[in-house]
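Data block for target05.pdb (PDB, C-alpha atoms):
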ATOM      1  CA  MET J   8    -100.076  16.074  51.872
ATOM      2  CA  PRO J   9     -96.849  17.956  50.976
ATOM      3  CA  ILE J  10     -94.639  16.455  48.334
ATOM      4  CA  PRO J  11     -91.085  15.752  49.694
ATOM      5  CA  GLN J  12     -88.300  17.674  47.938
ATOM      6  CA  SER J  13     -85.822  15.478  46.123
ATOM      7  CA  SER J  14     -82.099  16.129  46.678
ATOM      8  CA  THR J  15     -81.237  15.230  43.096
ATOM      9  CA  PRO J  16     -81.790  17.899  40.466
ATOM     10  CA  PRO J  17     -84.393  17.193  37.859
ATOM     11  CA  ALA J  18     -83.176  15.526  34.720
ATOM     12  CA  ALA J  19     -82.447  17.840  31.823
ATOM     13  CA  ALA J  20     -85.132  18.089  29.266
ATOM     14  CA  PRO J  21     -84.336  16.032  26.216
ATOM     15  CA  TYR J  22     -85.188  18.945  23.983
ATOM     16  CA  GLY J  23     -85.156  22.688  24.353
ATOM     17  CA  PRO J  24     -82.616  25.428  24.903
ATOM     18  CA  GLY J  25     -80.746  23.720  27.791
ATOM     19  CA  ALA J  26     -80.670  20.240  26.350
ATOM     20  CA  PRO J  27     -77.381  18.668  25.216
ATOM     21  CA  ALA J  28     -76.969  18.226  21.525
ATOM     22  CA  PRO J  29     -77.825  14.688  20.416
ATOM     23  CA  HIS J  30     -74.797  12.517  19.568
ATOM     24  CA  ALA J  31     -72.446  15.284  20.691
ATOM     25  CA  PRO J  32     -68.858  14.014  21.051
ATOM     26  CA  ARG J  33     -67.635  13.731  24.621
ATOM     27  CA  HIS J  34     -64.795  16.191  24.160
ATOM     28  CA  ALA J  35     -67.138  18.843  22.805
ATOM     29  CA  THR J  36     -68.850  19.384  26.156
ATOM     30  CA  PRO J  37     -66.998  21.720  28.489
ATOM     31  CA  ASP J  38     -67.978  19.600  31.519
ATOM     32  CA  HIS J  39     -65.682  16.765  30.425
ATOM     33  CA  GLN J  40     -62.740  18.772  29.114
ATOM     34  CA  PRO J  41     -60.835  21.023  31.484
ATOM     35  CA  PRO J  42     -59.664  24.262  29.924
ATOM     36  CA  THR J  43     -56.213  24.188  28.428
ATOM     37  CA  GLU J  44     -53.684  26.461  30.086
ATOM     38  CA  PHE J  45     -50.692  27.731  28.168
ATOM     39  CA  ASP J  46     -47.576  27.637  30.352
ATOM     40  CA  PRO J  47     -44.676  29.044  28.306
ATOM     41  CA  ALA J  48     -42.149  28.703  31.136
ATOM     42  CA  ALA J  49     -42.867  24.994  31.530
ATOM     43  CA  GLY J  50     -42.602  24.571  27.764
ATOM     44  CA  LEU J  51     -39.255  26.354  27.753
ATOM     45  CA  PHE J  52     -37.911  24.187  30.587
ATOM     46  CA  ALA J  53     -39.151  21.086  28.776
ATOM     47  CA  ILE J  54     -37.258  22.132  25.650
ATOM     48  CA  LEU J  55     -34.073  22.734  27.640
ATOM     49  CA  LEU J  56     -34.084  19.348  29.384
ATOM     50  CA  PRO J  57     -36.457  16.389  28.966
ATOM     51  CA  GLY J  58     -38.887  16.248  31.899
ATOM     52  CA  ALA J  59     -37.834  19.611  33.326
ATOM     53  CA  GLY J  60     -41.080  21.271  32.259
ATOM     54  CA  HIS J  61     -43.242  18.934  34.316
ATOM     55  CA  PHE J  62     -40.745  19.031  37.182
ATOM     56  CA  TRP J  63     -40.879  22.840  37.240
ATOM     57  CA  ALA J  64     -44.678  22.774  37.114
ATOM     58  CA  GLY J  65     -44.797  20.655  40.267
ATOM     59  CA  GLU J  66     -45.306  17.229  38.689
ATOM     60  CA  ARG J  67     -41.936  15.991  39.869
ATOM     61  CA  VAL J  68     -42.482  12.249  39.584
ATOM     62  CA  ARG J  69     -43.927  12.666  36.106
ATOM     63  CA  GLY J  70     -40.972  14.815  35.091
ATOM     64  CA  LEU J  71     -38.491  12.249  36.356
ATOM     65  CA  LEU J  72     -40.291   9.456  34.502
ATOM     66  CA  ILE J  73     -40.243  11.479  31.264
ATOM     67  CA  ALA J  74     -36.538  12.195  31.737
ATOM     68  CA  ALA J  75     -35.850   8.518  32.398
ATOM     69  CA  GLY J  76     -37.724   7.453  29.260
ATOM     70  CA  VAL J  77     -36.387  10.075  26.859
ATOM     71  CA  LEU J  78     -32.799  10.238  28.103
ATOM     72  CA  GLY J  79     -32.739   6.469  28.590
ATOM     73  CA  LEU J  80     -33.562   5.958  24.917
ATOM     74  CA  PHE J  81     -31.126   8.662  23.805
ATOM     75  CA  VAL J  82     -28.195   7.392  25.890
ATOM     76  CA  GLY J  83     -29.152   3.794  25.113
ATOM     77  CA  GLY J  84     -28.960   4.592  21.404
ATOM     78  CA  MET J  85     -25.465   5.990  21.843
ATOM     79  CA  LEU J  86     -24.466   2.956  23.871
ATOM     80  CA  ILE J  87     -25.683   0.618  21.119
ATOM     81  CA  GLY J  88     -24.439   2.498  18.054
ATOM     82  CA  GLY J  89     -21.708   4.700  19.513
ATOM     83  CA  ILE J  90     -21.516   8.474  19.336
ATOM     84  CA  ASP J  91     -21.420   8.085  15.544
ATOM     85  CA  ILE J  92     -25.230   7.906  15.470
ATOM     86  CA  ILE J  93     -25.488  11.608  16.386
ATOM     87  CA  ASP J  94     -24.152  13.379  13.332
ATOM     88  CA  ARG J  95     -25.624  16.639  12.118
ATOM     89  CA  ARG J  96     -23.340  16.796   9.064
ATOM     90  CA  GLU J  97     -23.449  13.241   7.735
ATOM     91  CA  ASN J  98     -26.992  12.351   8.724
ATOM     92  CA  PRO J  99     -29.052  15.556   8.873
ATOM     93  CA  ILE J 100     -32.433  13.901   8.332
ATOM     94  CA  TRP J 101     -32.172  11.589  11.339
ATOM     95  CA  PHE J 102     -30.592  14.392  13.325
ATOM     96  CA  ALA J 103     -33.746  16.440  12.756
ATOM     97  CA  GLY J 104     -35.614  13.903  14.886
ATOM     98  CA  GLN J 105     -32.795  13.491  17.402
ATOM     99  CA  ALA J 106     -32.531  17.263  17.859
ATOM    100  CA  LEU J 107     -35.988  17.251  19.451
ATOM    101  CA  VAL J 108     -34.307  15.894  22.606
ATOM    102  CA  GLY J 109     -33.043  19.454  23.006
ATOM    103  CA  PRO J 110     -29.647  20.996  23.762
ATOM    104  CA  VAL J 111     -28.368  17.593  24.884
ATOM    105  CA  ALA J 112     -28.447  16.376  21.266
ATOM    106  CA  PHE J 113     -26.676  19.491  20.003
ATOM    107  CA  GLY J 114     -24.057  19.128  22.745
ATOM    108  CA  VAL J 115     -23.378  15.516  21.819
ATOM    109  CA  ASP J 116     -23.102  16.490  18.153
ATOM    110  CA  TYR J 117     -20.665  19.289  19.051
ATOM    111  CA  ILE J 118     -18.467  16.840  20.974
ATOM    112  CA  HIS J 119     -18.674  14.369  18.094
ATOM    113  CA  GLN J 120     -17.704  16.933  15.454
ATOM    114  CA  ASN J 121     -14.997  18.737  17.430
ATOM    115  CA  HIS J 122     -13.500  16.184  19.801
ATOM    116  CA  VAL J 123     -14.028  12.748  18.248
ATOM    117  CA  LYS J 124     -13.846  13.117  14.458
ATOM    118  CA  VAL J 125     -10.568  13.863  12.713
ATOM    119  CA  VAL J 126     -10.173  16.948  10.519
ATOM    120  CA  GLN J 127      -8.868  16.225   7.052
ATOM    121  CA  ARG J 128      -7.321  19.326   5.462
ATOM    122  CA  MET J 129      -6.670  19.334   1.727
ATOM    123  CA  GLN J 130      -5.063  22.085  -0.310
ATOM    124  CA  ASP J 131      -5.997  22.724  -3.917
ATOM    125  CA  PRO J 132      -2.636  22.766  -5.806
ATOM    126  CA  ARG J 133      -3.851  25.356  -8.314
ATOM    127  CA  THR J 134      -5.652  27.861  -6.113
ATOM    128  CA  GLY J 135      -3.930  27.090  -2.816
ATOM    129  CA  GLN J 136      -7.294  27.085  -1.085
ATOM    130  CA  VAL J 137      -7.489  24.789   1.931
ATOM    131  CA  THR J 138     -10.697  22.851   2.522
ATOM    132  CA  GLU J 139     -11.589  20.905   5.645
ATOM    133  CA  SER J 140     -13.649  17.778   6.017
ATOM    134  CA  ARG J 141     -14.437  15.828   9.166
ATOM    135  CA  ARG J 142     -14.633  12.060   9.296
ATOM    136  CA  THR J 143     -14.428   9.113  11.632
ATOM    137  CA  PRO J 144     -10.822   7.923  12.224
ATOM    138  CA  ARG J 145      -9.889   5.009   9.996
ATOM    139  CA  PRO J 146      -9.208   1.631  11.581
ATOM    140  CA  ALA J 147      -6.029  -0.311  10.822
ATOM    141  CA  TYR J 148      -5.983  -1.729   7.298
ATOM    142  CA  THR J 149      -3.731  -3.280   4.680
ATOM    143  CA  ASP J 150      -3.660  -1.532   1.317
ATOM    144  CA  ALA J 151      -3.718  -3.086  -2.164
ATOM    145  CA  ASN J 152       0.080  -3.423  -2.162
ATOM    146  CA  GLY J 153      -0.005  -5.453   1.043
ATOM    147  CA  ILE J 154       1.394  -2.639   3.176
ATOM    148  CA  PRO J 155      -0.218  -2.493   6.655
ATOM    149  CA  HIS J 156      -1.341   0.873   8.028
ATOM    150  CA  ASN J 157      -1.956   1.674  11.656
ATOM    151  CA  ALA J 158      -5.305   2.975  12.840
ATOM    152  CA  GLU J 159      -5.843   6.715  13.097
ATOM    153  CA  GLN J 160      -6.324   8.862  16.148
ATOM    154  CA  ARG J 161      -7.135  12.514  16.574
ATOM    155  CA  GLY J 162      -4.068  14.717  16.896
ATOM    156  CA  PRO J 163      -3.777  17.903  18.951
ATOM    157  CA  ASP J 164      -5.080  20.098  16.115
ATOM    158  CA  GLY J 165      -7.698  17.562  15.071
ATOM    159  CA  ALA J 166      -5.649  16.180  12.197
ATOM    160  CA  PRO J 167      -5.434  12.382  11.913
ATOM    161  CA  VAL J 168      -2.252  10.866  13.325
ATOM    162  CA  PRO J 169      -1.285   7.189  13.208
ATOM    163  CA  ALA J 170      -1.928   5.278  16.402
ATOM    164  CA  ALA J 171       0.564   2.887  17.935
ATOM    165  CA  ALA J 172       0.783  -0.539  16.333
ATOM    166  CA  GLY J 173      -2.163  -2.643  17.417
ATOM    167  CA  ALA J 174      -3.987   0.294  19.025
ATOM    168  CA  PRO J 175      -7.589   0.897  17.981
ATOM    169  CA  ALA J 176      -8.833   3.937  16.067
ATOM    170  CA  GLY J 177      -9.931   7.001  18.011
ATOM    171  CA  SER J 178     -13.551   5.937  17.589
ATOM    172  CA  GLY J 179     -15.354   3.233  15.674
ATOM    173  CA  LYS J 180     -17.498   3.770  12.590
ATOM    174  CA  SER J 181     -21.044   2.677  13.305
ATOM    175  CA  LEU J 182     -22.511   0.510  10.565
ATOM    176  CA  GLY J 183     -25.224  -2.054   9.964
ATOM    177  CA  ARG J 184     -27.867  -3.113  12.468
ATOM    178  CA  MET J 185     -26.248  -1.406  15.446
ATOM    179  CA  TYR J 186     -26.174   1.902  13.589
ATOM    180  CA  GLU J 187     -29.812   1.523  12.554
ATOM    181  CA  LEU J 188     -30.938   0.652  16.074
ATOM    182  CA  GLY J 189     -28.925   3.405  17.743
ATOM    183  CA  THR J 190     -30.198   5.999  15.287
ATOM    184  CA  LEU J 191     -33.765   4.811  15.788
ATOM    185  CA  TYR J 192     -33.474   4.905  19.592
ATOM    186  CA  ALA J 193     -32.248   8.508  19.578
ATOM    187  CA  ALA J 194     -34.782   9.694  16.990
ATOM    188  CA  ILE J 195     -37.696   8.131  18.882
ATOM    189  CA  ALA J 196     -36.390   9.787  22.066
ATOM    190  CA  GLY J 197     -36.646  13.124  20.270
ATOM    191  CA  MET J 198     -40.180  12.534  19.082
ATOM    192  CA  LEU J 199     -41.312  11.435  22.542
ATOM    193  CA  ASN J 200     -39.754  14.572  23.995
ATOM    194  CA  LEU J 201     -41.786  16.645  21.536
ATOM    195  CA  ILE J 202     -44.939  15.110  23.036
ATOM    196  CA  ALA J 203     -43.643  15.942  26.525
ATOM    197  CA  VAL J 204     -42.871  19.548  25.532
ATOM    198  CA  ILE J 205     -46.377  20.042  24.136
ATOM    199  CA  ASP J 206     -47.875  18.461  27.255
ATOM    200  CA  ALA J 207     -45.825  20.727  29.526
ATOM    201  CA  ALA J 208     -46.659  23.880  27.587
ATOM    202  CA  PHE J 209     -50.384  23.116  27.180
ATOM    203  CA  ARG J 210     -51.417  21.635  30.515
ATOM    204  CA  SER J 211     -54.705  20.016  31.488
ATOM    205  CA  ARG J 212     -55.133  18.119  28.260
ATOM    206  CA  ARG J 213     -54.529  14.869  30.124
ATOM    207  CA  ALA J 214     -57.622  13.059  31.387
ATOM    208  CA  ALA J 215     -57.520  12.871  35.170
TER     209      ALA J 215
ATOM    210  CA  MET A  17     -15.345 -12.340  24.567
ATOM    211  CA  ASN A  18     -12.590 -10.367  22.823
ATOM    212  CA  LEU A  19     -15.251  -8.210  21.214
ATOM    213  CA  PHE A  20     -16.481  -7.112  24.633
ATOM    214  CA  LEU A  21     -12.980  -6.475  25.924
ATOM    215  CA  ALA A  22     -12.249  -4.226  22.939
ATOM    216  CA  TRP A  23     -15.561  -2.383  23.151
ATOM    217  CA  ARG A  24     -15.353   1.203  24.388
ATOM    218  CA  PRO A  25     -18.798   2.494  25.453
ATOM    219  CA  PHE A  26     -20.056   5.470  23.422
ATOM    220  CA  LEU A  27     -17.009   5.355  21.114
ATOM    221  CA  ASP A  28     -17.540   1.981  19.467
ATOM    222  CA  PRO A  29     -20.815   0.408  18.355
ATOM    223  CA  MET A  30     -21.728  -2.872  20.005
ATOM    224  CA  GLN A  31     -20.814  -5.870  17.875
ATOM    225  CA  LEU A  32     -24.076  -7.718  18.417
ATOM    226  CA  HIS A  33     -25.494  -7.623  14.899
ATOM    227  CA  GLY A  34     -26.956 -11.111  15.213
ATOM    228  CA  TRP A  35     -28.888 -10.063  18.319
ATOM    229  CA  TRP A  36     -30.475  -6.941  16.818
ATOM    230  CA  TRP A  37     -33.990  -8.209  17.530
ATOM    231  CA  ALA A  38     -33.316  -8.335  21.296
ATOM    232  CA  PHE A  39     -32.845  -4.550  21.344
ATOM    233  CA  LEU A  40     -36.480  -4.087  20.341
ATOM    234  CA  VAL A  41     -37.507  -5.012  23.907
ATOM    235  CA  PRO A  42     -35.730  -2.117  25.685
ATOM    236  CA  LEU A  43     -36.841   0.130  22.825
ATOM    237  CA  SER A  44     -40.480  -0.784  23.500
ATOM    238  CA  LEU A  45     -39.974  -0.304  27.235
ATOM    239  CA  GLY A  46     -38.393   3.125  26.763
ATOM    240  CA  ILE A  47     -41.202   4.264  24.478
ATOM    241  CA  SER A  48     -43.792   3.081  27.016
ATOM    242  CA  VAL A  49     -42.038   4.722  29.981
ATOM    243  CA  ALA A  50     -41.900   8.133  28.286
ATOM    244  CA  TYR A  51     -45.292   8.011  26.583
ATOM    245  CA  LYS A  52     -47.253   6.743  29.578
ATOM    246  CA  ALA A  53     -45.587   9.329  31.819
ATOM    247  CA  VAL A  54     -47.290  11.956  29.676
ATOM    248  CA  ARG A  55     -50.522  10.110  29.073
ATOM    249  CA  VAL A  56     -51.528   8.462  32.348
ATOM    250  CA  GLY A  57     -53.604  10.665  34.636
ATOM    251  CA  ASP A  58     -53.165   8.736  37.874
ATOM    252  CA  LEU A  59     -49.578   7.608  38.329
ATOM    253  CA  ARG A  60     -50.622   4.807  40.713
ATOM    254  CA  ASP A  61     -51.638   2.876  37.588
ATOM    255  CA  TYR A  62     -48.460   3.854  35.736
ATOM    256  CA  TRP A  63     -46.312   0.708  35.805
ATOM    257  CA  ARG A  64     -49.201  -1.593  34.904
ATOM    258  CA  GLN A  65     -49.950   0.577  31.880
ATOM    259  CA  VAL A  66     -46.241   0.642  30.939
ATOM    260  CA  ALA A  67     -46.092  -3.158  31.068
ATOM    261  CA  MET A  68     -49.262  -3.449  28.982
ATOM    262  CA  MET A  69     -48.021  -1.040  26.319
ATOM    263  CA  THR A  70     -44.607  -2.726  26.156
ATOM    264  CA  VAL A  71     -46.225  -6.107  25.555
ATOM    265  CA  GLN A  72     -48.591  -4.601  22.990
ATOM    266  CA  ILE A  73     -45.723  -3.045  21.015
ATOM    267  CA  ILE A  74     -43.699  -6.274  21.046
ATOM    268  CA  LEU A  75     -46.695  -8.376  19.997
ATOM    269  CA  GLY A  76     -47.518  -5.842  17.287
ATOM    270  CA  MET A  77     -44.009  -6.036  15.889
ATOM    271  CA  VAL A  78     -44.054  -9.837  15.974
ATOM    272  CA  LEU A  79     -47.387  -9.893  14.143
ATOM    273  CA  LEU A  80     -46.116  -7.403  11.550
ATOM    274  CA  GLY A  81     -43.032  -9.572  11.056
ATOM    275  CA  VAL A  82     -45.144 -12.705  10.583
ATOM    276  CA  ALA A  83     -47.439 -10.845   8.169
ATOM    277  CA  ALA A  84     -44.482  -9.582   6.129
ATOM    278  CA  PHE A  85     -42.999 -13.101   6.055
ATOM    279  CA  VAL A  86     -46.265 -14.624   4.828
ATOM    280  CA  ILE A  87     -46.871 -11.929   2.197
ATOM    281  CA  LEU A  88     -43.335 -11.906   0.810
ATOM    282  CA  GLY A  89     -42.674 -15.624   1.200
ATOM    283  CA  TYR A  90     -45.992 -17.095   0.060
ATOM    284  CA  VAL A  91     -48.567 -14.584  -1.230
ATOM    285  CA  VAL A  92     -46.374 -12.632  -3.654
ATOM    286  CA  PRO A  93     -44.719 -15.757  -5.155
ATOM    287  CA  ALA A  94     -48.214 -17.248  -5.608
ATOM    288  CA  ILE A  95     -49.398 -14.125  -7.480
ATOM    289  CA  VAL A  96     -46.224 -13.604  -9.482
ATOM    290  CA  PRO A  97     -44.313 -16.914  -9.885
ATOM    291  CA  MET A  98     -40.585 -16.381 -10.121
ATOM    292  CA  ASP A  99     -37.809 -18.668 -11.323
ATOM    293  CA  ARG A 100     -35.548 -19.713  -8.492
TER     294      ARG A 100
END
Take the structure I supplied and represent it as structure tokens, if you would.
Amino acid sequence: MPIPQSSTPPAAAPYGPGAPAPHAPRHATPDHQPPTEFDPAAGLFAILLPGAGHFWAGERVRGLLIAAGVLGLFVGGMLIGGIDIIDRRENPIWFAGQALVGPVAFGVDYIHQNHVKVVQRMQDPRTGQVTESRRTPRPAYTDANGIPHNAEQRGPDGAPVPAAAGAPAGSGKSLGRMYELGTLYAAIAGMLNLIAVIDAAFRSRRAA
Amino acid sequence: MNLFLAWRPFLDPMQLHGWWWAFLVPLSLGISVAYKAVRVGDLRDYWRQVAMMTVQIILGMVLLGVAAFVILGYVVPAIVPMDR
């Protein structure tokens, strides 16, 4: 009597040349880990704009979700703490994390430095050398002699000019909890975008 | 109310210092939205995973806060008594 052929392949021998290594980690077997593909164009797009790398690679919904998460945190941080939380000059360590959002962070910092802050120019009386420093416009205050001073606004050349009586300063200095939270939001957005950039550049690492 | 009327978005920080803890919820949600968008393989399961991760982060922060309160408020004073 003929023996019927089974449709299932025979089980692999527990030992021998073709046998899997005992206690081998799951990721070490090529059957469970698709090969990683390096996609430099997707990585470049992801650096330029959060989510753009996945969008360019055809994963449009995923790209939009990444953009919503990263840019939502970044813009949310600025909404909470004001534009003052993005400051390459005064807070370079936090800006290192925020810069991972990409050109958007550098653009916001450029606007902050050149269109929001006031430029304080001071001349050394001995050498005549003029030095510039940039700072947040001062709010209205009363000095030690009891003399009230109006708030400052940015003048045409960036120099501080007094605002009208009762008018607010050009921008508010971010301090305390709101500054901490806003800075944290934007820095976490940058770090999450770094994950997205790596994922866009090195595809197929994600388990299906 | 006057604080909100004077607030200029993106120019002034919000004056909600007493409500700082409430901002941890959207922070957790934003982290989950971005991270799970990268991590989840099948996007049909995406929002459930986002909700789970958001809750996990919030619960983790609450537990860390309780642990810090117990350690600093009770354990450390018991080990090193201090004059009050």
Item checked: Matched chain/residue IDs from the PyMOL selection byres ((chain A) within 9 of (chain J)), as JSON, numbers by chain -> {"A": [22, 24, 25, 26, 27, 28, 29, 30, 31, 32, 33, 34, 36, 39, 40, 42, 43, 45, 46, 47, 48, 49, 50, 51, 52, 53, 54, 55, 56, 57, 58, 59]}
Next item on the list: Provide the CA of Val78 in chain A to CA of Gly104 in chain J distance in Å, to one decimal place.
Entry: 25.2 Å
Check: Rounded to one decimal in Å, what is the spacing between CA of Lys124 in chain J and CA of Gln160 in chain J?
Finding: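 Atom-to-atom, CA of Lys124 in chain J to CA of Gln160 in chain J, that is 8.8 Å.
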Margin query: Please report the interatomic distance between CA of Ala208 in chain J and CA of Pro47 in chain J in Å with one decimal.
Written below: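 CA of Ala208 in chain J sits 5.6 Å away from CA of Pro47 in chain J.
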Notebook entry, point to check: If you apply the PyMOL selection byres ((chain J and resi 56) around 9) to this file, what residues do you get, as a list in words?
Noted result: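 Those residues are Leu51, Phe52, Ala53, Ile54, Leu55, Pro57, Gly58, Ala59, Gly60, Ala74, Val108, Gly109, Pro110 and Val111 of chain J.
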Report as AutoDock Vina command-line options the centre and the edge lengths, in Å to one decimal, of the axis-aligned box holding every listed atom of range 65-73 of chain A, padded by 6 Å on each side.
--center_x -47.3 --center_y -2.7 --center_z 26.4 --size_x 17.3 --size_y 18.7 --size_z 22.9
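Nearest residue to Met68 in chain A among A:Ser44, A:Val82, A:Val91, A:Val96 is A:Ser44, counting only C-alpha atoms.
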Evaluate the PyMOL selection byres ((chain J and resi 126) around 8) against this structure - the residues, as an mmCIF file with C-alpha atoms, keeping the file's coordinate frame, please.
data_model
loop_
_atom_site.group_PDB
_atom_site.id
_atom_site.type_symbol
_atom_site.label_atom_id
_atom_site.label_comp_id
_atom_site.auth_asym_id
_atom_site.auth_seq_id
_atom_site.Cartn_x
_atom_site.Cartn_y
_atom_site.Cartn_z
ATOM 1 C CA LYS J 124 -13.846 13.117 14.458
ATOM 2 C CA VAL J 125 -10.568 13.863 12.713
ATOM 3 C CA GLN J 127 -8.868 16.225 7.052
ATOM 4 C CA ARG J 128 -7.321 19.326 5.462
ATOM 5 C CA GLU J 139 -11.589 20.905 5.645
ATOM 6 C CA SER J 140 -13.649 17.778 6.017
ATOM 7 C CA ARG J 141 -14.437 15.828 9.166
ATOM 8 C CA ARG J 142 -14.633 12.060 9.296
ATOM 9 C CA GLY J 165 -7.698 17.562 15.071
ATOM 10 C CA ALA J 166 -5.649 16.180 12.197
ATOM 11 C CA PRO J 167 -5.434 12.382 11.913
#
